[in-house]
Amino acid sequence: MIFVQRLRYIVKRNMGSSGSHHLGIPGGKGPNVVGCVDLMDDHTIQGSFLRLYYPCEQSGKQQQPLWIPRHEYYYGLADFLKYNRTLVDRTLNHLYGSYRVPAEWDAPFKSAGKYPLVIFSHGLGAFRDGSASATYYFEEKTKTVNEVGKCTSPALPFDQLQQKWLYYKPHKEGEQEFPFRNVQVHQRAEECIRALKLLTDINLGKPVHNVFPLTFDFTKMKDCLDLHKVAIMGHSFGGATVIDSLSKEHQFGCGVALDAWMFPLEDEVYAKVQKPILFINSEKFQWVANVLKMKRLDTIQRKMITIMGTVHQSFPDFTFLTGTFLGRLFQLKGIIDPHIAIDISNKASLAFLQRHLGLEKDFDQWDPLVDGKGEHIIPGTNIHLPLSDVLQ
């Protein structure tokens, strides 16, 4: 399976008791070694910037990339959390600065038939698009003040470019939040759709320019994507992006929304969604109004399950990075073992993808999870809904 997202994380240093598991992002459980590469097809602010995860050939020469490779990402997190930049930078860099992502960087692509494709959209606190805590594009080093912002050739040599950082954008005091977030979710959906179009071009064998000077050969991916088996997934704000993307792009065959924050979506979007969607919710994050918005999609093949003992941060990688004491203190961990929770989420997602994309795998063994049957899960929601809304 080809997986497109912004960033993954890994940490191994102890931060309090972590139980029977070592701290760090668990590696993949599939049959292939996982490779990853960054792709920026245009150095300007109009370009697409994504991280591609893919089945790779194991050569033993590749290294795993740093979890957070630049201080500017810490600055973005500080802005998102409303903390001092210097304090966050020094603290997080000390704790996490040397740790790496569990994937082989710039490894050769493994051509072995056609792979399904998943586009993943992260929450507001993660990295690498205009609705995130931090991202960047490039400008020419020789640009004059009057030329800044103007489009230039996307194929300039890397040594002639300099990074231009963009940080988290909070809504201004006194400004209504909905219009602000609504614009952002539409922007994010368009970015996901552009990523899909870029991968479609690569699958067709069209030449792609990567701003980064890497050795990865994108021509090896020609005819290796099964573009009839494409899904979109996301967490929190990224979950809202799933809904908006399904309303705009019919090539997405289905969607999976992890603890979706539905607030940024306007009322008109729901009627435009015609593809199946699975909501996987945490026990502690959801509330009546948010769940009722999910239920507005009951006219399609909509499934909803709740993983008990989880919190909102049980889905992102940070839940694996802290021990029990600090994890619960900062609401990064629930009372359930995070490895058990993510295993339930992954298996339910795979079963749902097989059901609606026609994957020829054995993921249907986890079909009961999609219906909320099993340990630690319930069908629907743990939130008490008004009886009139339950009966509708």
# chains A, B, ... in the order shown; residues from 1 in each chain; ligands from 1
call {"tool": "select_by_dssp", "arguments": {"residues": "segment 146-336 of chain A", "states": "alpha helix (DSSP H)", "output": "PyMOL selection string"}}
result
chain A and resi 177-203+237-248+288-295+324-329
call {"tool": "write_last_selection", "arguments": {"atoms": "C-alpha atoms", "output": "CSV table (one decimal), in the first residue's frame"}}
result
chain,number,residue,atom,x,y,z
A,177,GLU,CA,-13.5,31.1,14.1
A,178,PHE,CA,-15.8,29.2,11.8
A,179,PRO,CA,-15.1,31.3,8.6
A,180,PHE,CA,-11.4,31.1,9.3
A,181,ARG,CA,-11.3,27.3,9.8
A,182,ASN,CA,-13.7,26.7,6.9
A,183,VAL,CA,-11.3,28.4,4.5
A,184,GLN,CA,-8.5,26.3,6.0
A,185,VAL,CA,-10.4,23.0,5.6
A,186,HIS,CA,-11.2,23.7,2.0
A,187,GLN,CA,-7.5,24.6,1.4
A,188,ARG,CA,-6.4,21.3,3.0
A,189,ALA,CA,-8.9,19.3,0.9
A,190,GLU,CA,-7.5,20.9,-2.2
A,191,GLU,CA,-4.0,20.0,-1.1
A,192,CYS,CA,-5.0,16.4,-0.7
A,193,ILE,CA,-6.6,16.4,-4.1
A,194,ARG,CA,-3.5,17.9,-5.7
A,195,ALA,CA,-1.4,15.2,-4.0
A,196,LEU,CA,-3.7,12.6,-5.6
A,197,LYS,CA,-3.3,14.2,-9.0
A,198,LEU,CA,0.5,14.3,-8.6
A,199,LEU,CA,0.6,10.6,-7.8
A,200,THR,CA,-1.7,10.0,-10.8
A,201,ASP,CA,0.8,11.7,-13.1
A,202,ILE,CA,3.6,9.7,-11.6
A,203,ASN,CA,1.6,6.5,-12.2
A,237,PHE,CA,-9.0,18.6,11.6
A,238,GLY,CA,-7.8,16.1,9.1
A,239,GLY,CA,-11.0,14.1,9.8
A,240,ALA,CA,-13.0,17.1,8.6
A,241,THR,CA,-10.7,17.2,5.6
A,242,VAL,CA,-11.7,13.6,4.8
A,243,ILE,CA,-15.4,14.7,4.6
A,244,ASP,CA,-14.6,17.8,2.5
A,245,SER,CA,-12.4,15.8,0.1
A,246,LEU,CA,-15.0,13.1,-0.4
A,247,SER,CA,-17.5,15.8,-1.4
A,248,LYS,CA,-15.1,17.2,-4.0
A,288,VAL,CA,-23.2,15.8,21.3
A,289,ALA,CA,-23.0,18.5,18.6
A,290,ASN,CA,-20.0,16.9,16.9
A,291,VAL,CA,-21.5,13.4,16.8
A,292,LEU,CA,-24.8,14.8,15.5
A,293,LYS,CA,-22.9,16.2,12.5
A,294,MET,CA,-21.4,12.8,11.9
A,295,LYS,CA,-24.9,11.3,11.9
A,324,THR,CA,2.2,6.7,31.6
A,325,PHE,CA,2.5,9.5,34.1
A,326,LEU,CA,3.3,12.4,31.7
A,327,GLY,CA,1.1,11.0,29.0
A,328,ARG,CA,-2.0,11.1,31.2
A,329,LEU,CA,-1.0,14.4,32.8
call {"tool": "residues_around", "arguments": {"residues": "Gly27 of chain A", "least_positions_apart": "3", "cutoff": "12 Å", "atoms": "only C-alpha atoms", "output": "number ranges by chain"}}
result
A: 8-10, 23-24, 30-35, 64, 100-104, 317, 320, 339, 342-343
call {"tool": "atom_distance", "arguments": {"atom1": "atom CA of Val88 of chain A", "atom2": "atom CA of Glu72 of chain A"}}
result
10.8 Å
call {"tool": "atom_distance", "arguments": {"atom1": "atom CA of Ile232 of chain A", "atom2": "atom CA of Leu297 of chain A"}}
result
16.3 Å
call {"tool": "closest_residue", "arguments": {"among": "A:Phe49, A:Tyr75, A:Phe120, A:Tyr96", "to": "Tyr136 of chain A", "atoms": "only C-alpha atoms"}}
result
A:Phe49
call {"tool": "select_by_dssp", "arguments": {"residues": "segment 236-373 of chain A", "states": "strand (DSSP E)", "output": "MDAnalysis selection string"}}
result
chainID A and resid 254:258 277:282 302:307
call {"tool": "write_last_selection", "arguments": {"atoms": "N, CA, C and O atoms", "output": "mmCIF file, in the first residue's frame"}}
result
data_model
loop_
_atom_site.group_PDB
_atom_site.id
_atom_site.type_symbol
_atom_site.label_atom_id
_atom_site.label_comp_id
_atom_site.auth_asym_id
_atom_site.auth_seq_id
_atom_site.Cartn_x
_atom_site.Cartn_y
_atom_site.Cartn_z
ATOM 1 N N CYS A 254 -13.460 5.793 -0.580
ATOM 2 C CA CYS A 254 -14.027 5.791 0.763
ATOM 3 C C CYS A 254 -13.121 6.616 1.659
ATOM 4 O O CYS A 254 -12.044 7.058 1.240
ATOM 5 N N GLY A 255 -13.555 6.825 2.898
ATOM 6 C CA GLY A 255 -12.768 7.611 3.827
ATOM 7 C C GLY A 255 -12.822 7.042 5.230
ATOM 8 O O GLY A 255 -13.783 6.371 5.612
ATOM 9 N N VAL A 256 -11.767 7.311 6.006
ATOM 10 C CA VAL A 256 -11.707 6.935 7.414
ATOM 11 C C VAL A 256 -11.324 8.185 8.203
ATOM 12 O O VAL A 256 -10.275 8.783 7.949
ATOM 13 N N ALA A 257 -12.185 8.580 9.145
ATOM 14 C CA ALA A 257 -11.963 9.788 9.941
ATOM 15 C C ALA A 257 -11.701 9.398 11.387
ATOM 16 O O ALA A 257 -12.552 8.792 12.039
ATOM 17 N N LEU A 258 -10.524 9.740 11.881
ATOM 18 C CA LEU A 258 -10.109 9.390 13.235
ATOM 19 C C LEU A 258 -10.401 10.558 14.175
ATOM 20 O O LEU A 258 -9.770 11.615 14.086
ATOM 21 N N ILE A 277 -17.934 6.034 4.609
ATOM 22 C CA ILE A 277 -16.987 6.620 5.559
ATOM 23 C C ILE A 277 -17.087 5.890 6.892
ATOM 24 O O ILE A 277 -18.173 5.503 7.340
ATOM 25 N N LEU A 278 -15.930 5.697 7.518
ATOM 26 C CA LEU A 278 -15.837 5.086 8.840
ATOM 27 C C LEU A 278 -15.326 6.134 9.820
ATOM 28 O O LEU A 278 -14.249 6.705 9.628
ATOM 29 N N PHE A 279 -16.109 6.394 10.874
ATOM 30 C CA PHE A 279 -15.669 7.251 11.970
ATOM 31 C C PHE A 279 -15.155 6.355 13.093
ATOM 32 O O PHE A 279 -15.884 5.498 13.601
ATOM 33 N N ILE A 280 -13.897 6.561 13.469
ATOM 34 C CA ILE A 280 -13.327 5.863 14.625
ATOM 35 C C ILE A 280 -13.068 6.921 15.688
ATOM 36 O O ILE A 280 -12.181 7.770 15.526
ATOM 37 N N ASN A 281 -13.858 6.904 16.748
ATOM 38 C CA ASN A 281 -13.807 7.961 17.754
ATOM 39 C C ASN A 281 -13.127 7.502 19.035
ATOM 40 O O ASN A 281 -13.092 6.316 19.348
ATOM 41 N N SER A 282 -12.613 8.483 19.773
ATOM 42 C CA SER A 282 -12.091 8.212 21.108
ATOM 43 C C SER A 282 -13.219 8.362 22.121
ATOM 44 O O SER A 282 -14.267 8.946 21.844
ATOM 45 N N ARG A 302 -22.334 4.784 6.225
ATOM 46 C CA ARG A 302 -21.557 5.383 7.295
ATOM 47 C C ARG A 302 -21.493 4.429 8.480
ATOM 48 O O ARG A 302 -22.490 3.882 8.912
ATOM 49 N N LYS A 303 -20.278 4.210 8.983
ATOM 50 C CA LYS A 303 -20.068 3.406 10.174
ATOM 51 C C LYS A 303 -19.402 4.273 11.242
ATOM 52 O O LYS A 303 -18.583 5.156 10.932
ATOM 53 N N MET A 304 -19.717 4.001 12.495
ATOM 54 C CA MET A 304 -19.101 4.717 13.603
ATOM 55 C C MET A 304 -18.822 3.736 14.732
ATOM 56 O O MET A 304 -19.697 2.955 15.110
ATOM 57 N N ILE A 305 -17.598 3.763 15.240
ATOM 58 C CA ILE A 305 -17.236 2.974 16.409
ATOM 59 C C ILE A 305 -16.469 3.863 17.369
ATOM 60 O O ILE A 305 -15.920 4.902 16.990
ATOM 61 N N THR A 306 -16.436 3.477 18.622
ATOM 62 C CA THR A 306 -15.691 4.208 19.646
ATOM 63 C C THR A 306 -14.772 3.231 20.364
ATOM 64 O O THR A 306 -15.203 2.156 20.784
ATOM 65 N N ILE A 307 -13.509 3.615 20.482
ATOM 66 C CA ILE A 307 -12.532 2.802 21.208
ATOM 67 C C ILE A 307 -12.485 3.312 22.643
ATOM 68 O O ILE A 307 -12.082 4.451 22.904
#
call {"tool": "residues_around", "arguments": {"residues": "Leu214 of chain A", "least_positions_apart": "4", "cutoff": "9 Å", "atoms": "only C-alpha atoms", "output": "JSON, numbers by chain"}}
result
{"A": [37, 38, 106, 210]}
call {"tool": "closest_residue", "arguments": {"among": "A:His94, A:His376, A:Lys206, A:Arg51", "to": "Asp129 of chain A", "atoms": "only C-alpha atoms"}}
result
A:Arg51
call {"tool": "atom_distance", "arguments": {"atom1": "atom CA of Phe363 of chain A", "atom2": "atom CA of Ser349 of chain A"}}
result
9.1 Å
call {"tool": "closest_residue", "arguments": {"among": "A:Ala348, A:Asn382, A:Glu249, A:Ala231", "to": "Trp366 of chain A", "atoms": "only C-alpha atoms"}}
result
A:Ala348
call {"tool": "residues_around", "arguments": {"residues": "Thr135 of chain A", "least_positions_apart": "3", "cutoff": "12 Å", "atoms": "only C-alpha atoms", "output": "compact mmCIF listing (two decimals) with all heavy atoms, in the first residue's frame"}}
result
# COMPACT_ATOMS: atom_id res chain seq x y z
N ARG A 6 2.11 13.81 5.94
CA ARG A 6 3.04 14.90 6.13
C ARG A 6 4.26 14.51 6.95
O ARG A 6 5.35 14.87 6.64
CB ARG A 6 2.34 16.09 6.80
CG ARG A 6 1.20 16.66 5.97
CD ARG A 6 1.69 17.14 4.61
NE ARG A 6 0.66 17.88 3.92
CZ ARG A 6 -0.23 17.35 3.10
NH1 ARG A 6 -0.21 16.04 2.89
NH2 ARG A 6 -1.13 18.08 2.50
N LEU A 7 4.06 13.78 8.05
CA LEU A 7 5.20 13.47 8.90
C LEU A 7 4.85 12.36 9.88
O LEU A 7 3.73 12.27 10.33
CB LEU A 7 5.64 14.72 9.69
CG LEU A 7 7.02 14.68 10.34
CD1 LEU A 7 8.11 14.46 9.31
CD2 LEU A 7 7.29 15.96 11.11
N MET A 40 8.51 17.59 -3.21
CA MET A 40 8.02 18.95 -3.45
C MET A 40 8.16 19.20 -4.95
O MET A 40 9.26 19.26 -5.48
CB MET A 40 8.82 19.98 -2.64
CG MET A 40 8.34 21.42 -2.83
SD MET A 40 9.39 22.65 -1.99
CE MET A 40 8.93 22.37 -0.27
N ILE A 45 5.23 28.69 -3.19
CA ILE A 45 4.13 28.43 -2.27
C ILE A 45 2.98 27.72 -2.96
O ILE A 45 2.11 27.13 -2.30
CB ILE A 45 3.66 29.77 -1.63
CG1 ILE A 45 2.84 29.49 -0.37
CG2 ILE A 45 2.88 30.60 -2.65
CD1 ILE A 45 2.53 30.74 0.44
N SER A 48 3.12 21.39 -4.30
CA SER A 48 2.72 20.34 -3.36
C SER A 48 3.95 19.87 -2.60
O SER A 48 5.03 19.71 -3.16
CB SER A 48 2.10 19.15 -4.12
OG SER A 48 0.87 19.50 -4.69
N PHE A 49 3.76 19.64 -1.30
CA PHE A 49 4.85 19.20 -0.42
C PHE A 49 4.30 18.07 0.44
O PHE A 49 3.38 18.28 1.25
CB PHE A 49 5.30 20.38 0.44
CG PHE A 49 6.49 20.12 1.33
CD1 PHE A 49 7.32 19.02 1.13
CD2 PHE A 49 6.81 21.00 2.34
CE1 PHE A 49 8.42 18.79 1.94
CE2 PHE A 49 7.91 20.80 3.16
CZ PHE A 49 8.71 19.69 2.96
N LEU A 50 4.83 16.87 0.26
CA LEU A 50 4.28 15.71 0.95
C LEU A 50 5.38 14.71 1.26
O LEU A 50 6.49 14.80 0.73
CB LEU A 50 3.18 15.05 0.11
CG LEU A 50 3.54 14.60 -1.31
CD1 LEU A 50 4.15 13.20 -1.33
CD2 LEU A 50 2.33 14.67 -2.21
N ARG A 70 14.16 20.01 11.92
CA ARG A 70 14.52 21.42 11.94
C ARG A 70 13.93 22.11 13.18
O ARG A 70 12.82 21.79 13.62
CB ARG A 70 13.97 22.11 10.68
CG ARG A 70 14.58 21.62 9.37
CD ARG A 70 16.06 21.97 9.29
NE ARG A 70 16.26 23.40 9.38
CZ ARG A 70 16.39 24.21 8.31
NH1 ARG A 70 16.31 23.70 7.09
NH2 ARG A 70 16.58 25.50 8.47
N HIS A 71 14.65 23.08 13.70
CA HIS A 71 14.18 23.84 14.85
C HIS A 71 12.88 24.58 14.54
O HIS A 71 12.06 24.82 15.43
CB HIS A 71 15.25 24.85 15.30
CG HIS A 71 16.44 24.22 15.93
ND1 HIS A 71 16.50 23.92 17.28
CD2 HIS A 71 17.61 23.82 15.41
CE1 HIS A 71 17.67 23.37 17.56
NE2 HIS A 71 18.37 23.30 16.45
N GLU A 72 12.70 24.95 13.28
CA GLU A 72 11.50 25.71 12.93
C GLU A 72 10.22 24.95 13.23
O GLU A 72 9.18 25.56 13.50
CB GLU A 72 11.55 26.10 11.45
CG GLU A 72 12.57 27.18 11.11
CD GLU A 72 13.97 26.63 10.87
OE1 GLU A 72 14.19 25.42 11.10
OE2 GLU A 72 14.84 27.40 10.44
N TYR A 73 10.27 23.63 13.17
CA TYR A 73 9.08 22.85 13.52
C TYR A 73 8.74 23.01 15.00
O TYR A 73 7.57 23.06 15.39
CB TYR A 73 9.30 21.37 13.19
CG TYR A 73 9.31 21.07 11.71
CD1 TYR A 73 10.43 20.50 11.11
CD2 TYR A 73 8.21 21.35 10.91
CE1 TYR A 73 10.44 20.21 9.76
CE2 TYR A 73 8.22 21.07 9.56
CZ TYR A 73 9.34 20.49 8.98
OH TYR A 73 9.34 20.22 7.64
N TYR A 74 9.75 23.09 15.84
CA TYR A 74 9.51 23.34 17.26
C TYR A 74 8.87 24.71 17.47
O TYR A 74 8.01 24.89 18.33
CB TYR A 74 10.81 23.24 18.06
CG TYR A 74 11.47 21.89 18.04
CD1 TYR A 74 12.79 21.74 17.62
CD2 TYR A 74 10.79 20.76 18.47
CE1 TYR A 74 13.42 20.50 17.62
CE2 TYR A 74 11.41 19.51 18.48
CZ TYR A 74 12.72 19.40 18.04
OH TYR A 74 13.32 18.17 18.04
N TYR A 75 9.33 25.70 16.68
CA TYR A 75 8.74 27.03 16.79
C TYR A 75 7.24 26.98 16.44
O TYR A 75 6.42 27.62 17.10
CB TYR A 75 9.44 28.01 15.83
CG TYR A 75 10.91 28.20 16.07
CD1 TYR A 75 11.73 28.68 15.06
CD2 TYR A 75 11.50 27.92 17.30
CE1 TYR A 75 13.09 28.88 15.26
CE2 TYR A 75 12.86 28.10 17.51
CZ TYR A 75 13.65 28.58 16.48
OH TYR A 75 14.99 28.76 16.69
N GLY A 76 6.91 26.21 15.41
CA GLY A 76 5.51 26.09 15.02
C GLY A 76 4.68 25.43 16.10
O GLY A 76 3.55 25.85 16.38
N LEU A 77 5.23 24.38 16.72
CA LEU A 77 4.53 23.73 17.83
C LEU A 77 4.34 24.69 19.00
O LEU A 77 3.29 24.71 19.65
CB LEU A 77 5.31 22.50 18.29
CG LEU A 77 5.17 21.24 17.44
CD1 LEU A 77 6.16 20.17 17.92
CD2 LEU A 77 3.75 20.69 17.49
N LEU A 124 -4.30 19.93 13.17
CA LEU A 124 -3.75 21.30 13.09
C LEU A 124 -2.36 21.42 13.70
O LEU A 124 -1.59 22.27 13.30
CB LEU A 124 -4.69 22.27 13.80
CG LEU A 124 -5.97 22.68 13.06
CD1 LEU A 124 -6.83 23.54 13.98
CD2 LEU A 124 -5.64 23.45 11.79
N GLY A 125 -2.03 20.55 14.66
CA GLY A 125 -0.74 20.68 15.34
C GLY A 125 0.42 20.02 14.63
O GLY A 125 1.56 20.16 15.07
N ALA A 126 0.17 19.30 13.55
CA ALA A 126 1.25 18.63 12.82
C ALA A 126 1.82 19.55 11.74
O ALA A 126 1.57 20.75 11.73
CB ALA A 126 0.75 17.31 12.24
N PHE A 127 2.56 18.98 10.78
CA PHE A 127 3.38 19.81 9.92
C PHE A 127 3.06 19.66 8.43
O PHE A 127 2.56 18.64 7.98
CB PHE A 127 4.87 19.44 10.09
CG PHE A 127 5.33 19.43 11.52
CD1 PHE A 127 6.05 18.37 12.01
CD2 PHE A 127 5.03 20.48 12.35
CE1 PHE A 127 6.49 18.35 13.33
CE2 PHE A 127 5.45 20.47 13.67
CZ PHE A 127 6.19 19.41 14.15
N ARG A 128 3.45 20.71 7.70
CA ARG A 128 3.70 20.70 6.28
C ARG A 128 2.50 20.97 5.38
O ARG A 128 2.34 20.35 4.35
CB ARG A 128 4.38 19.39 5.84
CG ARG A 128 5.81 19.31 6.36
CD ARG A 128 6.53 18.12 5.77
NE ARG A 128 7.94 18.18 6.10
CZ ARG A 128 8.83 17.27 5.75
NH1 ARG A 128 8.44 16.22 5.04
NH2 ARG A 128 10.08 17.39 6.08
N ASP A 129 1.64 21.87 5.74
CA ASP A 129 0.76 22.52 4.77
C ASP A 129 0.30 23.84 5.38
O ASP A 129 0.66 24.18 6.51
CB ASP A 129 -0.41 21.63 4.35
CG ASP A 129 -1.21 21.15 5.50
OD1 ASP A 129 -1.47 21.94 6.42
OD2 ASP A 129 -1.58 19.97 5.51
N GLY A 130 -0.50 24.56 4.65
CA GLY A 130 -0.88 25.91 5.08
C GLY A 130 -1.84 25.95 6.24
O GLY A 130 -2.12 27.03 6.76
N SER A 131 -2.35 24.81 6.67
CA SER A 131 -3.23 24.75 7.84
C SER A 131 -2.58 23.85 8.88
O SER A 131 -3.18 22.91 9.38
CB SER A 131 -4.61 24.22 7.44
OG SER A 131 -4.50 23.02 6.71
N ALA A 132 -1.34 24.14 9.21
CA ALA A 132 -0.55 23.31 10.12
C ALA A 132 0.25 24.21 11.04
O ALA A 132 0.21 25.44 10.94
CB ALA A 132 0.38 22.39 9.32
N PHE A 138 10.26 27.48 -0.85
CA PHE A 138 11.56 28.07 -1.16
C PHE A 138 11.41 29.35 -1.98
O PHE A 138 10.45 29.51 -2.75
CB PHE A 138 12.41 27.08 -1.97
CG PHE A 138 12.90 25.91 -1.17
CD1 PHE A 138 12.24 24.70 -1.21
CD2 PHE A 138 14.04 26.01 -0.38
CE1 PHE A 138 12.68 23.61 -0.49
CE2 PHE A 138 14.50 24.93 0.35
CZ PHE A 138 13.83 23.73 0.30
N GLN A 163 14.95 28.60 2.28
CA GLN A 163 13.66 28.27 2.86
C GLN A 163 12.92 29.51 3.34
O GLN A 163 13.52 30.45 3.87
CB GLN A 163 13.86 27.31 4.05
CG GLN A 163 14.33 25.93 3.65
CD GLN A 163 14.53 25.03 4.84
OE1 GLN A 163 14.56 25.49 5.98
NE2 GLN A 163 14.68 23.74 4.61
N LYS A 164 11.60 29.49 3.14
CA LYS A 164 10.70 30.52 3.64
C LYS A 164 9.67 29.82 4.50
O LYS A 164 8.86 29.03 4.00
CB LYS A 164 10.02 31.26 2.48
CG LYS A 164 8.99 32.28 2.92
CD LYS A 164 9.62 33.49 3.60
CE LYS A 164 8.57 34.55 3.89
NZ LYS A 164 9.16 35.74 4.56
N TRP A 165 9.68 30.08 5.81
CA TRP A 165 8.83 29.34 6.75
C TRP A 165 7.50 30.03 6.98
O TRP A 165 7.41 31.26 7.03
CB TRP A 165 9.56 29.15 8.08
CG TRP A 165 10.58 28.05 7.99
CD1 TRP A 165 11.86 28.15 7.54
CD2 TRP A 165 10.36 26.68 8.31
NE1 TRP A 165 12.48 26.92 7.57
CE2 TRP A 165 11.58 26.00 8.04
CE3 TRP A 165 9.29 25.96 8.80
CZ2 TRP A 165 11.72 24.63 8.24
CZ3 TRP A 165 9.43 24.59 9.01
CH2 TRP A 165 10.64 23.94 8.74
N LEU A 166 6.47 29.20 7.13
CA LEU A 166 5.13 29.66 7.50
C LEU A 166 4.73 28.95 8.78
O LEU A 166 4.90 27.73 8.90
CB LEU A 166 4.12 29.32 6.40
CG LEU A 166 4.39 29.91 5.01
CD1 LEU A 166 3.39 29.34 4.01
CD2 LEU A 166 4.30 31.43 5.04
N TYR A 167 4.17 29.69 9.73
CA TYR A 167 3.83 29.12 11.02
C TYR A 167 2.32 29.13 11.27
O TYR A 167 1.55 29.70 10.51
CB TYR A 167 4.56 29.88 12.13
CG TYR A 167 6.06 29.73 12.05
CD1 TYR A 167 6.87 30.78 11.62
CD2 TYR A 167 6.67 28.51 12.37
CE1 TYR A 167 8.25 30.63 11.53
CE2 TYR A 167 8.05 28.36 12.29
CZ TYR A 167 8.83 29.41 11.85
OH TYR A 167 10.19 29.26 11.75
N TYR A 168 1.94 28.46 12.34
CA TYR A 168 0.54 28.29 12.70
C TYR A 168 -0.21 29.61 12.68
O TYR A 168 0.26 30.62 13.22
CB TYR A 168 0.45 27.65 14.08
CG TYR A 168 -0.95 27.52 14.63
CD1 TYR A 168 -1.83 26.58 14.10
CD2 TYR A 168 -1.39 28.34 15.67
CE1 TYR A 168 -3.12 26.46 14.60
CE2 TYR A 168 -2.67 28.21 16.18
CZ TYR A 168 -3.53 27.28 15.64
OH TYR A 168 -4.80 27.16 16.13
N LYS A 169 -1.40 29.60 12.10
CA LYS A 169 -2.23 30.80 11.99
C LYS A 169 -3.44 30.68 12.93
O LYS A 169 -4.41 30.00 12.60
CB LYS A 169 -2.72 30.98 10.55
CG LYS A 169 -1.63 31.17 9.52
CD LYS A 169 -2.24 31.28 8.13
CE LYS A 169 -1.17 31.39 7.07
NZ LYS A 169 -1.78 31.44 5.72
call {"tool": "closest_residue", "arguments": {"among": "A:Ala351, A:Leu385, A:Ala155, A:Val230", "to": "Val118 of chain A", "atoms": "only C-alpha atoms"}}
result
A:Val230
